[in-house]
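Before any comments, here is the structure.
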Amino acid sequence: MTTSTPRRTALRAAAIVATAALALTACGSGDPSAGSPAGPAAADAELPTTDVVSKIKKDPAAAKLLPADVRKRGTLSLATSVGAPPSATYLADGKTLAGQDVDFADAVGKVLGLRLKREVASFEAILPALGSGKYDLGTGNFGVTDDRRKTIDFVTYVNDGQGFAVRGESPLKKVTSLRQLCGLTVATGAGTTFEATLERNRPLCAKAGKKPYDVKTYAEQGALWISLQQGRTDVVMSTINGLRYAVQQQKGLRFLNEFKRLDVGFAFKKGTPLAPAVQAAVNRLRKDGTYDRILKKWGTGKSAIATSRISPPEIR
């Protein structure tokens, strides 16, 4: 799953998020690849590269919680969804992964004394692959929901959630109810909690006697933001941290508000014996200061949690 195609598309998406205004102004074509010649270097310049992981030492107490077979083989197979910063993206070389999810996974591996065997996978493919046993764990800014907890275990490491962004001239000021989206076209990621939330609440508009909102889903973040910039969609629903980062990189867009907070966690097959060890590793990172350094690096301090938990109930 680490073919050149997902690498090219992820790099292109990251470049567009960082340089969308330049690409759209200079090229005017709306083609996601149009800004790529100048984009990667610019995107790389926007991404922090501070090393916050290499000096982490193994914690014997946390490692002792690992299943015997995992300690023996010394590795964990990890599926990573690559989308956009601050979660996970590529540097300018198109090969080096960077992001909050990347740093947390690497840090946990260090604490447990394990080598990560990382593969890139699409967001929507990771959770089913965990259930089949293809990977030990997955990262993708996965929000912890009650529906997901039925088939997936989570170990939380940050708190993020759902929010909205619009073009500067949009009359929307703050979305406190999805009824405010009635009659609009909403862009969001395919296979996400945002898509599920929008689809589940679609009947709200009919009950209010209003025209339903239209949902457009995108597998690539670059295409999603271009749809908003060019007026093909009216509002983006995505992660709070991702939205805040993206609007800082693109002229003419603004973050509206947080809509719902969700815990975010490493994802595992239901019933995994790995959860206690990974939970202990995250809490160790909190204790030694690495946790705060990772959040500071990616500008996501507001997403800090007091302690890691295993599959907590969805935040209501």
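Labeling convention for the structure tokens: chains A, B, ... as they appear, residues from 1 per chain, ligands from 1 in order of appearance.
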Which residues in segment 118-298 of chain A does DSSP call alpha helix (DSSP H)? List them as a ChimeraX atom specification.
/A:123-131,146-149,193-200,203-207,221-229,240-249,275-288,290-298
Identify, on the basis of only C-alpha atoms, every residue whose closest approach to Arg179 of chain A does not exceed 8 Å; exclude the query and any residue fewer than 4 positions from it along the same chain; express the result as a compact mmCIF listing (two decimals) with C-alpha atoms, in the first residue's frame.
```txt
# COMPACT_ATOMS: atom_id res chain seq x y z
CA LEU A 204 -33.41 17.96 10.14
CA CYS A 205 -33.87 20.27 7.15
CA ALA A 208 -37.76 22.43 9.54
```
Each segment 93-127 of chain A residue no farther than 8 Å from segment 266-287 of chain A, nearest pair in Å, only C-alpha atoms, as a Markdown table:
```
| residue | atom | partner | partner_atom | distance |
| --- | --- | --- | --- | --- |
| A:Ala107 | CA | A:Leu285 | CA | 7.7 |
| A:Val108 | CA | A:Ala281 | CA | 5.5 |
| A:Val111 | CA | A:Ala281 | CA | 5.8 |
| A:Leu112 | CA | A:Ala281 | CA | 6.7 |
| A:Leu127 | CA | A:Ala267 | CA | 7.4 |
```
Keeping only N, CA and C atoms, take the residues you just selected and write them out as a PDB file, in the first residue's frame.
```
ATOM      1  N   ALA A 107       6.907   8.110  19.056  1.00  0.00           N
ATOM      2  CA  ALA A 107       7.239   8.258  20.468  1.00  0.00           C
ATOM      3  C   ALA A 107       6.774   7.049  21.275  1.00  0.00           C
ATOM      4  N   VAL A 108       5.580   6.558  20.990  1.00  0.00           N
ATOM      5  CA  VAL A 108       5.077   5.370  21.674  1.00  0.00           C
ATOM      6  C   VAL A 108       5.967   4.164  21.388  1.00  0.00           C
ATOM      7  N   VAL A 111       9.054   4.414  23.587  1.00  0.00           N
ATOM      8  CA  VAL A 111       8.776   4.093  24.988  1.00  0.00           C
ATOM      9  C   VAL A 111       8.674   2.584  25.186  1.00  0.00           C
ATOM     10  N   LEU A 112       8.068   1.909  24.224  1.00  0.00           N
ATOM     11  CA  LEU A 112       7.863   0.465  24.337  1.00  0.00           C
ATOM     12  C   LEU A 112       9.044  -0.353  23.827  1.00  0.00           C
ATOM     13  N   LEU A 127      -9.590   1.001   9.344  1.00  0.00           N
ATOM     14  CA  LEU A 127     -10.366   0.329  10.386  1.00  0.00           C
ATOM     15  C   LEU A 127     -10.774  -1.095   9.987  1.00  0.00           C
TER      16      LEU A 127
END
```
Rounded to one decimal in Å, what is the spacing between atom CA of Val82 of chain A and atom CA of Phe142 of chain A?
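If I compute the distance from atom CA of Val82 of chain A to atom CA of Phe142 of chain A, I get 12.2 Å.
Excluding segment 165-172 of chain A and any residue on its chain fewer than 2 positions from it, the residues at most 6 Å away by only C-alpha atoms are Val235, Val236, Gly252, Leu253, Arg254, Phe255 and Leu256 of chain A.
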Strand (DSSP E or B) positions in segment 51-218 of chain A, given as a PyMOL selection string
chain A and resi 75-80+89-90+97-98+115-120+137-139+143+152-167+185-189+214-218
Considering only C-alpha atoms, state which residue in the set A:Gln221, A:Lys57, A:Leu228, A:Pro203 is at the smallest distance from Thr89 of chain A.
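That would be A:Gln221, the residue with the smallest distance to Thr89 of chain A.
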Pairwise distance for atom CA of Val144 of chain A and atom CA of Pro313 of chain A, rounded to one decimal in Å:
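So the answer is 7.6 Å.
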Select, from A:Phe164, A:Asp136, A:Pro85, A:Thr193, the residue with the minimum atom-to-atom distance to Asp101 of chain A, counting only C-alpha atoms.
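For Asp101 of chain A, the nearest of the candidates is A:Pro85.
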Given only C-alpha atoms as the basis, pick out the residue of A:Ala63, A:Val70, A:Ile305, A:Leu295 nearest to Thr50 of chain A.
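For Thr50 of chain A, the nearest of the given residues is A:Leu295.
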Near Lys297 of chain A, counting only C-alpha atoms, which residues have an atom at most 9 Å away, once you skip same-chain residues fewer than 6 positions from it, shown as an NGL selection string?
:A and (48-50 or 52 or 100)
Would you pick out the contacts of Lys134 of chain A at 9 Å or less, using only C-alpha atoms, so that residues sharing its chain but fewer than 4 positions from it are not included, and give the list as a PyMOL selection string?
chain A and resi 77+129-130
Write out as a PyMOL selection string the residues lying within 9 Å of Thr192 of chain A, counting only C-alpha atoms and excluding same-chain residues fewer than 6 positions away.
chain A and resi 123-124+142-143+238
Could those selected residues go to a file with C-alpha atoms, as an mmCIF file, in the first residue's frame?
```cif
data_model
loop_
_atom_site.group_PDB
_atom_site.id
_atom_site.type_symbol
_atom_site.label_atom_id
_atom_site.label_comp_id
_atom_site.auth_asym_id
_atom_site.auth_seq_id
_atom_site.Cartn_x
_atom_site.Cartn_y
_atom_site.Cartn_z
ATOM 1 C CA PHE A 123 -8.355 6.573 5.809
ATOM 2 C CA GLU A 124 -11.435 4.495 4.984
ATOM 3 C CA PHE A 142 -9.585 8.708 14.367
ATOM 4 C CA GLY A 143 -12.342 10.172 16.527
ATOM 5 C CA SER A 238 -13.538 18.700 9.154
#
```
Given the choices A:Leu224, A:Gly109, A:Ser308, A:Lys150, which gets closest to Leu66 of chain A if the distance is worked out from only C-alpha atoms?
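Selected residue with least distance to Leu66 of chain A: A:Gly109.
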